[in-house]
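Below is model_39.cif, holding mmCIF, C-alpha atoms and all ligand atoms.
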```cif
data_target
loop_
_atom_site.label_atom_id
_atom_site.label_comp_id
_atom_site.auth_asym_id
_atom_site.auth_seq_id
_atom_site.Cartn_x
_atom_site.Cartn_y
_atom_site.Cartn_z
CA MET A 1 42.75 125.56 -75.56
CA ILE A 2 40.59 128.11 -77.36
CA ARG A 3 37.36 126.61 -78.67
CA LYS A 4 35.09 127.77 -81.48
CA VAL A 5 32.16 130.02 -80.63
CA LYS A 6 29.00 128.06 -79.76
CA GLY A 7 26.83 127.53 -82.82
CA THR A 8 29.68 127.92 -85.32
CA ARG A 9 31.23 125.02 -87.20
CA ASP A 10 34.51 124.00 -88.75
CA ILE A 11 33.82 122.46 -92.13
CA LEU A 12 36.75 120.10 -92.50
CA PRO A 13 37.99 118.33 -95.60
CA PRO A 14 36.71 116.23 -97.25
CA GLU A 15 33.26 117.55 -96.12
CA SER A 16 34.26 120.94 -97.57
CA ARG A 17 34.23 119.31 -101.02
CA LEU A 18 30.51 118.72 -100.64
CA TRP A 19 30.00 122.40 -99.93
CA ASN A 20 32.03 123.40 -102.96
CA ALA A 21 30.13 120.94 -105.15
CA VAL A 22 26.75 122.23 -103.89
CA GLU A 23 27.76 125.85 -104.40
CA GLY A 24 29.21 125.12 -107.85
CA THR A 25 25.98 123.39 -108.87
CA ALA A 26 23.89 126.26 -107.48
CA LEU A 27 25.87 128.89 -109.38
CA ARG A 28 25.68 126.82 -112.57
CA ILE A 29 21.93 126.20 -112.39
CA PHE A 30 20.91 129.64 -111.13
CA SER A 31 23.17 131.51 -113.54
CA GLY A 32 21.60 129.31 -116.23
CA PHE A 33 18.24 130.75 -115.22
CA GLY A 34 19.78 134.24 -115.56
CA TYR A 35 20.60 134.93 -111.89
CA ASP A 36 23.95 136.70 -111.55
CA GLU A 37 25.80 136.65 -108.26
CA ILE A 38 25.70 139.67 -105.96
CA ARG A 39 28.23 139.81 -103.11
CA LEU A 40 27.05 141.79 -100.16
CA PRO A 41 28.51 142.89 -96.81
CA LEU A 42 28.10 140.65 -93.78
CA ILE A 43 27.47 143.71 -91.61
CA GLU A 44 24.64 146.14 -92.23
CA PRO A 45 23.02 148.95 -90.25
CA THR A 46 20.71 147.37 -87.64
CA GLU A 47 17.83 149.50 -88.87
CA LEU A 48 17.82 147.64 -92.20
CA PHE A 49 16.66 144.41 -90.55
CA VAL A 50 14.31 146.14 -88.08
CA ARG A 51 12.49 147.76 -90.99
CA SER A 52 12.48 144.76 -93.35
CA VAL A 53 12.40 141.52 -91.37
CA GLY A 54 10.22 143.29 -88.78
CA GLU A 55 10.53 144.38 -85.18
CA GLY A 56 8.09 141.78 -83.84
CA THR A 57 9.81 138.78 -85.45
CA ASP A 58 11.93 136.30 -83.49
CA ILE A 59 14.88 137.15 -85.72
CA VAL A 60 14.88 140.85 -84.87
CA SER A 61 13.57 140.66 -81.30
CA LYS A 62 15.93 137.98 -80.01
CA GLU A 63 18.28 136.47 -82.56
CA MET A 64 20.42 139.24 -84.03
CA TYR A 65 24.10 139.78 -83.38
CA THR A 66 23.90 143.53 -82.85
CA PHE A 67 26.73 145.71 -81.55
CA PRO A 68 27.85 149.35 -81.61
CA ASP A 69 30.91 150.10 -83.73
CA ARG A 70 33.65 152.38 -82.40
CA LYS A 71 31.63 155.45 -83.30
CA GLY A 72 28.53 154.12 -81.57
CA ARG A 73 26.58 153.20 -84.75
CA SER A 74 24.43 150.12 -84.33
CA LEU A 75 25.54 147.35 -86.69
CA THR A 76 24.17 143.83 -87.16
CA LEU A 77 25.68 140.67 -88.62
CA ARG A 78 23.21 139.84 -91.38
CA PRO A 79 20.62 137.25 -90.27
CA GLU A 80 19.39 136.80 -93.87
CA GLY A 81 20.11 138.02 -97.39
CA THR A 82 16.94 139.59 -98.81
CA ALA A 83 17.18 142.84 -96.82
CA GLY A 84 20.74 143.42 -98.04
CA VAL A 85 19.68 142.74 -101.64
CA ALA A 86 16.86 145.29 -101.29
CA ARG A 87 19.24 147.85 -99.74
CA ALA A 88 21.79 147.30 -102.51
CA PHE A 89 19.06 147.58 -105.17
CA ILE A 90 18.08 151.04 -103.92
CA GLU A 91 21.58 152.27 -103.08
CA ASN A 92 23.14 151.25 -106.41
CA GLY A 93 20.24 152.42 -108.55
CA LEU A 94 19.72 148.88 -109.87
CA GLY A 95 16.23 149.92 -110.95
CA GLN A 96 17.96 151.63 -113.89
CA ARG A 97 19.02 148.26 -115.31
CA PRO A 98 16.71 146.21 -117.52
CA GLN A 99 13.97 144.77 -115.32
CA PRO A 100 13.36 142.33 -113.85
CA LEU A 101 16.74 142.01 -112.19
CA ARG A 102 17.74 138.47 -111.27
CA LEU A 103 20.29 138.06 -108.47
CA CYS A 104 21.73 135.17 -106.52
CA TYR A 105 23.92 135.10 -103.43
CA LEU A 106 25.55 132.69 -101.06
CA GLY A 107 27.39 132.99 -97.80
CA PRO A 108 27.17 133.05 -94.03
CA MET A 109 24.25 134.41 -92.03
CA PHE A 110 24.08 134.84 -88.26
CA ARG A 111 21.25 134.20 -85.82
CA TYR A 112 21.55 133.77 -82.07
CA GLU A 113 19.35 130.66 -81.92
CA LYS A 114 19.03 127.75 -79.53
CA MET A 115 21.45 125.13 -80.78
CA GLN A 116 20.08 121.88 -82.10
CA ARG A 117 20.62 119.59 -85.07
CA GLY A 118 20.53 121.67 -88.24
CA ARG A 119 20.27 124.95 -86.31
CA TYR A 120 23.45 126.97 -86.01
CA ARG A 121 24.38 130.52 -85.06
CA GLN A 122 26.52 130.91 -88.14
CA PHE A 123 24.96 129.10 -91.10
CA ALA A 124 25.11 129.49 -94.85
CA GLN A 125 22.35 130.34 -97.28
CA ILE A 126 22.12 130.11 -101.04
CA GLY A 127 19.41 132.40 -102.36
CA ILE A 128 17.95 133.92 -105.49
CA GLU A 129 15.74 136.98 -105.91
CA ILE A 130 13.89 138.31 -108.94
CA LEU A 131 13.20 142.03 -108.53
CA GLY A 132 10.71 143.99 -110.60
CA ALA A 133 8.28 141.26 -111.66
CA ALA A 134 4.73 141.36 -110.30
CA GLY A 135 3.09 138.46 -112.13
CA PRO A 136 2.85 134.80 -111.13
CA ALA A 137 5.35 133.85 -113.88
CA ALA A 138 8.14 135.12 -111.62
CA ASP A 139 7.00 132.98 -108.68
CA ILE A 140 6.77 129.98 -111.00
CA GLU A 141 10.26 130.67 -112.32
CA VAL A 142 11.95 130.85 -108.93
CA ILE A 143 10.25 127.67 -107.73
CA ALA A 144 11.13 125.94 -111.01
CA ALA A 145 14.77 127.04 -110.60
CA LEU A 146 14.73 125.71 -107.04
CA HIS A 147 13.23 122.42 -108.16
CA THR A 148 15.75 122.06 -111.01
CA PHE A 149 18.62 122.64 -108.57
CA LEU A 150 17.29 120.09 -106.07
CA VAL A 151 16.73 117.47 -108.78
CA GLU A 152 20.25 118.13 -110.10
CA LEU A 153 21.55 117.30 -106.61
CA GLY A 154 19.64 114.02 -106.84
CA PHE A 155 16.72 114.83 -104.52
CA HIS A 156 13.44 113.18 -105.32
CA ASP A 157 11.67 113.10 -101.98
CA LEU A 158 11.66 116.75 -100.97
CA VAL A 159 8.29 118.39 -100.54
CA ILE A 160 7.50 121.96 -101.59
CA VAL A 161 4.73 123.44 -99.46
CA LEU A 162 2.84 126.56 -100.44
CA ASN A 163 0.45 129.07 -98.91
CA ASN A 164 -1.21 132.37 -99.74
CA LEU A 165 -0.72 135.13 -97.17
CA GLY A 166 -2.86 137.58 -99.14
CA ASP A 167 -1.94 141.26 -99.25
CA PRO A 168 -1.10 143.28 -96.09
CA GLU A 169 -4.66 144.74 -96.04
CA ASP A 170 -6.13 141.22 -96.13
CA ARG A 171 -3.80 140.23 -93.36
CA GLU A 172 -5.04 142.92 -90.98
CA ARG A 173 -8.55 141.57 -91.43
CA PHE A 174 -7.32 138.03 -91.03
CA ILE A 175 -5.47 138.78 -87.78
CA ALA A 176 -8.57 140.41 -86.29
CA GLY A 177 -10.54 137.27 -87.20
CA LEU A 178 -7.84 134.94 -85.87
CA LYS A 179 -7.74 136.76 -82.55
CA ALA A 180 -11.50 136.60 -82.28
CA GLU A 181 -11.39 132.83 -82.88
CA LEU A 182 -8.55 132.27 -80.39
CA ARG A 183 -9.61 134.75 -77.67
CA PRO A 184 -11.68 132.23 -75.68
CA HIS A 185 -8.59 129.95 -75.49
CA ARG A 186 -5.94 132.65 -75.14
CA ASP A 187 -4.73 131.56 -71.70
CA ARG A 188 -4.03 128.06 -73.06
CA LEU A 189 -1.46 129.36 -75.57
CA CYS A 190 2.24 128.91 -74.69
CA ALA A 191 4.30 131.75 -73.21
CA ASP A 192 5.88 132.56 -76.59
CA CYS A 193 2.45 132.81 -78.21
CA GLN A 194 1.26 135.08 -75.35
CA ARG A 195 4.05 137.45 -76.42
CA ARG A 196 3.20 136.94 -80.11
CA TRP A 197 -0.45 137.87 -79.44
CA ASP A 198 0.44 141.57 -79.67
CA ALA A 199 3.90 141.52 -81.26
CA ASN A 200 3.35 139.10 -84.16
CA PRO A 201 0.02 137.24 -83.96
CA LEU A 202 0.46 135.54 -87.36
CA ARG A 203 3.32 133.49 -85.91
CA ILE A 204 0.92 131.79 -83.49
CA LEU A 205 -0.13 129.80 -86.55
CA ASP A 206 3.17 128.02 -86.91
CA CYS A 207 4.03 127.56 -83.24
CA LYS A 208 5.52 124.09 -82.76
CA VAL A 209 4.11 123.55 -79.24
CA PRO A 210 1.50 120.75 -79.52
CA GLY A 211 -1.08 122.61 -77.38
CA CYS A 212 -0.93 125.67 -79.63
CA ARG A 213 -0.97 123.51 -82.76
CA LYS A 214 -4.20 121.93 -81.60
CA LEU A 215 -5.79 125.29 -80.88
CA VAL A 216 -4.92 126.79 -84.26
CA ALA A 217 -5.91 123.65 -86.18
CA ASP A 218 -9.55 124.70 -86.14
CA THR A 219 -9.04 128.36 -87.05
CA THR A 220 -9.83 129.78 -90.48
CA PRO A 221 -6.83 129.46 -92.87
CA VAL A 222 -5.07 132.71 -93.76
CA ALA A 223 -5.55 132.05 -97.50
CA GLU A 224 -9.31 132.45 -97.04
CA ALA A 225 -8.82 136.10 -96.14
CA ALA A 226 -6.93 136.79 -99.39
CA SER A 227 -8.44 139.25 -101.88
CA ASP A 228 -9.65 137.94 -105.25
CA GLU A 229 -6.52 139.34 -106.90
CA ALA A 230 -4.18 137.65 -104.43
CA ARG A 231 -6.10 134.40 -104.87
CA ARG A 232 -5.86 134.60 -108.64
CA HIS A 233 -2.12 135.19 -108.31
CA VAL A 234 -1.37 132.20 -106.10
CA THR A 235 -3.76 129.92 -107.98
CA ALA A 236 -1.88 130.80 -111.19
CA VAL A 237 1.38 129.88 -109.44
CA GLU A 238 -0.09 126.54 -108.35
CA THR A 239 -1.44 125.81 -111.83
CA GLY A 240 1.85 126.78 -113.48
CA LEU A 241 3.81 124.47 -111.20
CA ALA A 242 1.36 121.63 -111.81
CA SER A 243 1.81 122.00 -115.55
CA LEU A 244 5.58 121.69 -115.01
CA GLU A 245 4.91 118.57 -112.94
CA ILE A 246 6.54 120.15 -109.92
CA PRO A 247 4.75 118.64 -106.93
CA VAL A 248 3.58 121.17 -104.34
CA ARG A 249 1.44 120.65 -101.28
CA TRP A 250 -0.90 123.23 -99.82
CA ALA A 251 0.11 124.27 -96.27
CA PRO A 252 -2.69 126.41 -94.80
CA ARG A 253 -0.77 127.23 -91.57
CA LEU A 254 2.48 128.24 -93.28
CA VAL A 255 3.23 131.88 -92.42
CA ARG A 256 7.09 132.21 -92.43
CA GLY A 257 9.11 134.10 -89.84
CA LEU A 258 9.75 137.37 -91.67
CA ASP A 259 7.32 140.27 -91.99
CA TYR A 260 7.94 141.32 -95.60
CA TYR A 261 6.01 138.51 -97.30
CA LEU A 262 2.68 138.74 -99.06
CA ARG A 263 0.74 136.40 -101.35
CA THR A 264 2.95 133.42 -102.27
CA VAL A 265 5.01 131.84 -99.48
CA PHE A 266 6.69 128.47 -99.74
CA GLU A 267 9.07 126.13 -97.96
CA VAL A 268 10.88 122.89 -98.71
CA VAL A 269 10.88 120.17 -96.09
CA SER A 270 12.75 116.88 -96.06
CA PRO A 271 11.03 113.71 -94.87
CA GLN A 272 14.46 112.73 -93.52
CA LEU A 273 14.78 115.74 -91.22
CA GLY A 274 11.08 116.06 -90.44
CA GLU A 275 8.55 118.79 -91.13
CA ASP A 276 10.09 121.16 -88.58
CA THR A 277 13.47 121.34 -90.26
CA VAL A 278 13.00 123.55 -93.24
CA ILE A 279 15.61 123.34 -95.98
CA CYS A 280 14.46 126.32 -97.97
CA GLY A 281 12.06 129.20 -97.45
CA GLY A 282 10.85 131.95 -99.70
CA GLY A 283 8.05 134.04 -101.00
CA ARG A 284 6.89 137.26 -102.58
CA TYR A 285 7.72 140.65 -101.07
CA ASP A 286 6.23 143.33 -103.31
CA ARG A 287 6.42 146.20 -100.83
CA LEU A 288 9.84 145.72 -99.23
CA ILE A 289 11.84 148.00 -101.50
CA ALA A 290 9.26 150.79 -101.27
CA ASP A 291 9.13 150.37 -97.48
CA LEU A 292 12.89 150.88 -97.39
CA GLY A 293 12.60 154.13 -99.35
CA GLY A 294 12.86 152.87 -102.93
CA SER A 295 10.21 152.75 -105.63
CA SER A 296 7.63 150.01 -106.00
CA VAL A 297 9.58 146.89 -107.02
CA PRO A 298 7.49 143.71 -106.70
CA SER A 299 9.82 140.82 -106.02
CA VAL A 300 10.03 137.15 -105.11
CA GLY A 301 12.81 134.79 -104.04
CA PHE A 302 14.01 132.14 -101.64
CA ALA A 303 16.98 131.04 -99.58
CA ILE A 304 18.22 127.51 -99.03
CA GLY A 305 19.90 126.57 -95.74
CA GLU A 306 23.13 125.05 -97.01
CA ASP A 307 24.07 123.35 -93.72
CA ARG A 308 20.79 121.43 -93.72
CA LEU A 309 20.96 120.70 -97.42
CA VAL A 310 24.45 119.20 -97.12
CA GLU A 311 23.26 117.07 -94.21
CA VAL A 312 20.66 115.29 -96.35
CA LEU A 313 22.46 115.23 -99.72
CA PRO A 314 21.63 112.11 -101.75
CA THR A 315 24.39 109.49 -101.71
CA SER A 316 24.87 109.66 -105.47
CA PHE A 317 25.84 113.35 -105.28
CA ARG A 318 27.92 112.85 -102.11
CA ASP A 319 29.91 110.03 -103.70
CA ARG A 320 30.59 111.99 -106.84
CA ALA A 321 31.66 115.08 -104.90
CA LEU A 322 33.85 113.20 -102.45
CA CYS A 323 35.50 110.81 -104.87
CA ARG A 324 38.12 112.79 -106.73
CA PRO A 325 40.73 111.17 -108.92
CA GLU A 326 43.81 111.32 -106.75
CA VAL A 327 47.43 110.65 -107.57
CA ALA A 328 50.47 110.45 -105.33
CA VAL A 329 53.77 111.49 -106.87
CA LEU A 330 56.76 109.98 -105.12
CA PRO A 331 60.15 111.39 -106.03
CA VAL A 332 62.79 109.10 -104.57
CA GLY A 333 65.96 111.07 -103.87
CA GLU A 334 66.64 114.81 -104.16
CA ALA A 335 67.63 114.60 -107.81
CA ALA A 336 64.13 113.47 -108.80
CA VAL A 337 62.36 116.50 -107.29
CA PRO A 338 62.50 118.88 -110.31
CA ALA A 339 61.21 116.21 -112.73
CA ALA A 340 58.52 115.26 -110.20
CA THR A 341 57.42 118.88 -109.84
CA ARG A 342 57.13 119.22 -113.63
CA LEU A 343 55.02 116.08 -113.73
CA VAL A 344 52.80 117.35 -110.89
CA ARG A 345 52.15 120.55 -112.80
CA ASP A 346 51.12 118.61 -115.92
CA LEU A 347 48.87 116.27 -113.92
CA VAL A 348 47.14 119.19 -112.18
CA LEU A 349 46.53 120.90 -115.52
CA ALA A 350 45.06 117.63 -116.81
CA GLY A 351 42.52 117.72 -113.96
CA ALA A 352 44.00 115.34 -111.41
CA THR A 353 44.35 115.99 -107.69
CA VAL A 354 47.93 115.36 -106.76
CA HIS A 355 49.62 114.73 -103.44
CA THR A 356 53.37 115.07 -103.68
CA GLU A 357 55.71 113.45 -101.20
CA VAL A 358 57.89 116.28 -99.89
CA THR A 359 59.19 114.95 -96.59
CA GLY A 360 61.89 112.60 -97.90
CA ARG A 361 60.11 109.30 -97.13
CA SER A 362 61.58 106.08 -98.45
CA LEU A 363 59.74 104.47 -101.38
CA LYS A 364 58.11 101.92 -99.07
CA ALA A 365 56.96 104.56 -96.58
CA GLY A 366 55.83 106.77 -99.47
CA LEU A 367 53.60 104.03 -100.90
CA LYS A 368 52.07 103.42 -97.46
CA TRP A 369 51.36 107.14 -97.09
CA ALA A 370 49.78 107.25 -100.57
CA SER A 371 47.45 104.33 -99.75
CA LYS A 372 46.43 105.95 -96.46
CA LEU A 373 45.48 109.12 -98.34
CA GLY A 374 43.24 107.05 -100.57
CA ALA A 375 45.17 107.78 -103.78
CA ALA A 376 44.29 105.45 -106.64
CA VAL A 377 47.60 105.72 -108.41
CA ALA A 378 51.19 106.43 -107.40
CA VAL A 379 53.84 107.69 -109.79
CA ILE A 380 57.35 106.79 -108.73
CA LEU A 381 60.31 108.78 -110.01
CA GLY A 382 63.69 107.58 -108.80
CA GLU A 383 67.22 108.38 -109.89
CA GLU A 384 67.36 105.24 -111.97
CA GLU A 385 64.12 106.12 -113.77
CA LEU A 386 65.33 109.68 -114.36
CA ALA A 387 68.46 108.47 -116.06
CA THR A 388 66.43 106.45 -118.57
CA GLY A 389 63.53 108.95 -118.92
CA VAL A 390 60.88 106.62 -117.49
CA ALA A 391 58.54 106.54 -114.48
CA VAL A 392 56.71 103.78 -112.67
CA VAL A 393 52.92 104.07 -112.55
CA ARG A 394 51.48 101.89 -109.78
CA ASP A 395 47.78 101.12 -109.43
CA LEU A 396 47.35 101.14 -105.66
CA THR A 397 44.05 99.30 -105.63
CA ARG A 398 45.21 96.40 -107.75
CA GLY A 399 48.88 96.48 -106.74
CA GLU A 400 50.00 96.28 -110.40
CA GLN A 401 52.63 98.56 -111.87
CA GLU A 402 53.98 99.55 -115.24
CA THR A 403 57.14 101.35 -116.33
CA MET A 404 56.64 103.90 -119.10
CA PRO A 405 58.25 106.99 -120.68
CA VAL A 406 57.69 110.10 -118.51
CA GLU A 407 55.82 111.76 -121.42
CA SER A 408 53.17 109.01 -121.32
CA VAL A 409 52.46 109.31 -117.58
CA VAL A 410 49.77 112.03 -117.71
CA ALA A 411 47.67 110.14 -120.27
CA ALA A 412 48.11 106.80 -118.49
CA VAL A 413 47.20 108.25 -115.10
CA THR A 414 44.14 110.23 -116.21
CA ASP A 415 42.92 107.18 -118.12
CA ARG A 416 43.12 105.10 -114.99
CA LEU A 417 41.46 107.76 -112.84
CA CYS A 418 38.54 108.27 -115.20
CA THR A 419 37.54 104.62 -115.01
CA ARG A 420 37.50 104.78 -111.20
CA GLY A 421 34.26 105.60 -109.32
P1 LIG B 501 14.39 131.89 -93.66
O1 LIG B 501 13.28 130.91 -93.74
O2 LIG B 501 14.52 132.68 -92.43
O3 LIG B 501 14.21 132.84 -94.92
O4 LIG B 501 15.76 131.14 -93.94
C1 LIG B 501 15.94 130.36 -95.10
C2 LIG B 501 16.59 129.05 -94.76
O5 LIG B 501 17.81 129.26 -94.03
C3 LIG B 501 15.78 128.17 -93.82
O6 LIG B 501 14.79 127.47 -94.52
C4 LIG B 501 16.83 127.25 -93.24
O7 LIG B 501 17.09 126.18 -94.11
C5 LIG B 501 18.05 128.15 -93.18
N1 LIG B 501 18.27 128.59 -91.79
C6 LIG B 501 17.65 129.58 -91.13
N2 LIG B 501 18.10 129.67 -89.86
C7 LIG B 501 19.05 128.71 -89.72
C8 LIG B 501 19.91 128.28 -88.65
N3 LIG B 501 19.90 128.89 -87.47
N4 LIG B 501 20.74 127.24 -88.87
C9 LIG B 501 20.77 126.62 -90.09
N5 LIG B 501 19.99 126.98 -91.12
C10 LIG B 501 19.15 128.00 -90.95
C11 LIG B 501 15.06 133.85 -95.25
O8 LIG B 501 16.14 134.03 -94.73
C12 LIG B 501 14.56 134.69 -96.41
N6 LIG B 501 15.54 135.78 -96.64
C13 LIG B 501 14.39 133.83 -97.64
C14 LIG B 501 13.93 134.61 -98.84
C15 LIG B 501 14.68 135.02 -99.87
N7 LIG B 501 12.71 135.04 -99.05
C16 LIG B 501 12.65 135.69 -100.18
N8 LIG B 501 13.87 135.70 -100.68
#
```
Do you think you could lay out the structure here as structure tokens?
Ligand code: HAM
Amino acid sequence: MIRKVKGTRDILPPESRLWNAVEGTALRIFSGFGYDEIRLPLIEPTELFVRSVGEGTDIVSKEMYTFPDRKGRSLTLRPEGTAGVARAFIENGLGQRPQPLRLCYLGPMFRYEKMQRGRYRQFAQIGIEILGAAGPAADIEVIAALHTFLVELGFHDLVIVLNNLGDPEDRERFIAGLKAELRPHRDRLCADCQRRWDANPLRILDCKVPGCRKLVADTTPVAEAASDEARRHVTAVETGLASLEIPVRWAPRLVRGLDYYLRTVFEVVSPQLGEDTVICGGGRYDRLIADLGGSSVPSVGFAIGEDRLVEVLPTSFRDRALCRPEVAVLPVGEAAVPAATRLVRDLVLAGATVHTEVTGRSLKAGLKWASKLGAAVAVILGEEELATGVAVVRDLTRGEQETMPVESVVAAVTDRLCTRG
């Protein structure tokens, strides 16, 4: 037997309905906020991620699926979406369009990570980016769009945490200070942090190893190194969110795992999954597009981990997404098949989900099959019914049935389905 690749998943029905419902809601809410979908390649030149996400990050240094193509060019399965958006912005001259440009995307990302609950090697993200907007209003907008989406899914307990990384110049000063504070304890840091010391010292701040956590707990927060301008920016974001009654919590050790961020960074954590399982991450990246060879396009955005989001979906949303009005149509005898097919077509167009019996089961076996599928209603069309132009509509939950003219079936069935669930 051939098995799926480690870290990938089969999303089976009916679970796949949850995914479709989440994605449909995301596209509805984000397009409402003016974010139009961009569809990007899953493979990109490796250099794109090295130069954007950063060489010293875990993603680039150990998690990318990188391979040479047949001509020896180094390609990478995208580990995230922002770099591709920035590349597409430059390559397609999107700076010529009215600014800011609002884009959203969804689809699979790939990271070679250690498998655990909520951590996969192929996972899906839903993200939005606003490109060409420097002021705090853009940060407020993306977080408000995120919050609206989460509330629409029925979440009320998710926590948005926020930090200020300052500008890259502030960060250099901060890192020098951090190293000075940690130097006396350097040999007590974990092996990963020993490597981070030179490669990516900021990441020491969000190491999950308890020993490292304790050591960094007493260091000066990164936000304190921020310039006055960066402080004003993030304070305005905080104030704006407060006036919208969007609860945010300050997270002084939050640094994020990608190098392109500056000023505002934020994450969403679920009390259900714990602080270490982040459902959404984002922030401002004003220099990314210029660093990739474009002009200066200050930008901000986020990406939600869809696998994790689906795992903690509120029951109200789950139930609505999973419970679809379902009908079984049971033609009894060959002669009833054309009339049954016509009826199926009309039911589908009226919004029902129909399962048609096509294997020649007897009426009794057909009804058993329909109940097993979870259909609420069965429509029975036999030769006798055909001759008189009627059909039998049977409520499978109550066990009652009614004979009616075929033309009345669609209305009767949809009526019954709408009152269910
Ligand atoms: P990120 O924090 O690396 O940010 O990923 C965003 C979200 O993707 C995470 O919060 C998490 O929910 C999900 N995720 C990441 N890795 C995995 C995994 N191995 N398995 C399951 N879910 C995962 C970014 O990717 C940035 N591009 C976000 C962004 C957009 N910043 C600005 N714009």
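Between atom CA of A:Asp218 and atom CA of A:Arg188 lies a distance of 14.6 Å.
For the pair atom CA of A:Glu384 and atom CA of A:Val327, the interatomic distance is 21.1 Å.
By chain and then residue number, the residues within 9 Å of A:Glu402 are A:Ala391, A:Val392, A:Val393, A:Arg394, A:Asp395, counting only C-alpha atoms and disregarding those fewer than 3 positions away in sequence.
The list of residues within 8 Å of (24.9, 147.1, -92.6), counted using all atoms listed in the file, is Pro41, Leu42, Ile43, Glu44, Pro45, Thr46, Leu48, Leu75, Thr76, Leu77, Arg78 and Gly84 of chain A.
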### Message
To check your reading of the model: which residues sit at most 8 Å from ligand LIG 501 (chain B) when counting only C-alpha atoms and all ligand atoms? Write the answer as a ChimeraX atom specification.
### Response
/A:79-83,110-113,115,118-125,127-129,256-258,261,267-268,277-285,300-309
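Interatomic distance, atom CA of A:Ser296 against atom CA of A:Leu146: 25.3 Å.
Shortest separation to A:Ile29 among A:Thr148, A:Ser52, A:Lys114, A:Phe266 occurs at residue A:Thr148, atoms counted being all atoms listed in the file.
Residues in contact range of A:Pro100, defined as at most 8 Å between all atoms listed in the file, with sequence neighbours fewer than 3 positions away removed, read Ile130, Leu131, Gly132 and Ala133 of chain A.
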Using only C-alpha atoms, which protein or nucleic acid residues come within 12 Å of A:Thr403? Drop anything in the same chain fewer than 2 positions from it, and give the result as a PDB file with C-alpha atoms, in the coordinates of the input.
```pdb
ATOM      1  CA  ALA A 378      51.190 106.430-107.400  1.00  0.00           C
ATOM      2  CA  VAL A 379      53.840 107.690-109.790  1.00  0.00           C
ATOM      3  CA  ILE A 380      57.350 106.790-108.730  1.00  0.00           C
ATOM      4  CA  LEU A 381      60.310 108.780-110.010  1.00  0.00           C
ATOM      5  CA  GLY A 382      63.690 107.580-108.800  1.00  0.00           C
ATOM      6  CA  GLU A 384      67.360 105.240-111.970  1.00  0.00           C
ATOM      7  CA  GLU A 385      64.120 106.120-113.770  1.00  0.00           C
ATOM      8  CA  LEU A 386      65.330 109.680-114.360  1.00  0.00           C
ATOM      9  CA  THR A 388      66.430 106.450-118.570  1.00  0.00           C
ATOM     10  CA  GLY A 389      63.530 108.950-118.920  1.00  0.00           C
ATOM     11  CA  VAL A 390      60.880 106.620-117.490  1.00  0.00           C
ATOM     12  CA  ALA A 391      58.540 106.540-114.480  1.00  0.00           C
ATOM     13  CA  VAL A 392      56.710 103.780-112.670  1.00  0.00           C
ATOM     14  CA  VAL A 393      52.920 104.070-112.550  1.00  0.00           C
ATOM     15  CA  ARG A 394      51.480 101.890-109.780  1.00  0.00           C
ATOM     16  CA  ASP A 395      47.780 101.120-109.430  1.00  0.00           C
ATOM     17  CA  GLU A 400      50.000  96.280-110.400  1.00  0.00           C
ATOM     18  CA  GLN A 401      52.630  98.560-111.870  1.00  0.00           C
ATOM     19  CA  PRO A 405      58.250 106.990-120.680  1.00  0.00           C
ATOM     20  CA  VAL A 406      57.690 110.100-118.510  1.00  0.00           C
ATOM     21  CA  GLU A 407      55.820 111.760-121.420  1.00  0.00           C
ATOM     22  CA  SER A 408      53.170 109.010-121.320  1.00  0.00           C
ATOM     23  CA  VAL A 409      52.460 109.310-117.580  1.00  0.00           C
ATOM     24  CA  ALA A 412      48.110 106.800-118.490  1.00  0.00           C
TER      25      ALA A 412
END
```
### Task
Extract, using all atoms listed in the file, all DNA, RNA and protein residues at most 12 Å from A:Ala180, discarding same-chain residues fewer than 4 positions from it, and format them as a PyMOL selection string.
chain A and resi 173-176+184-186+197+201+216+219-220
### Message
Restricting the calculation to all atoms listed in the file: of A:Asp192, A:Asp259, A:Asp139, A:Asp286, which residue gets closest to A:Gly56?
### Response
A:Asp259
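Using all atoms listed in the file, the smallest distance between any of A:Asp291, A:Asp69, A:Glu152, A:Glu383 and A:Gly54 comes from A:Asp291.
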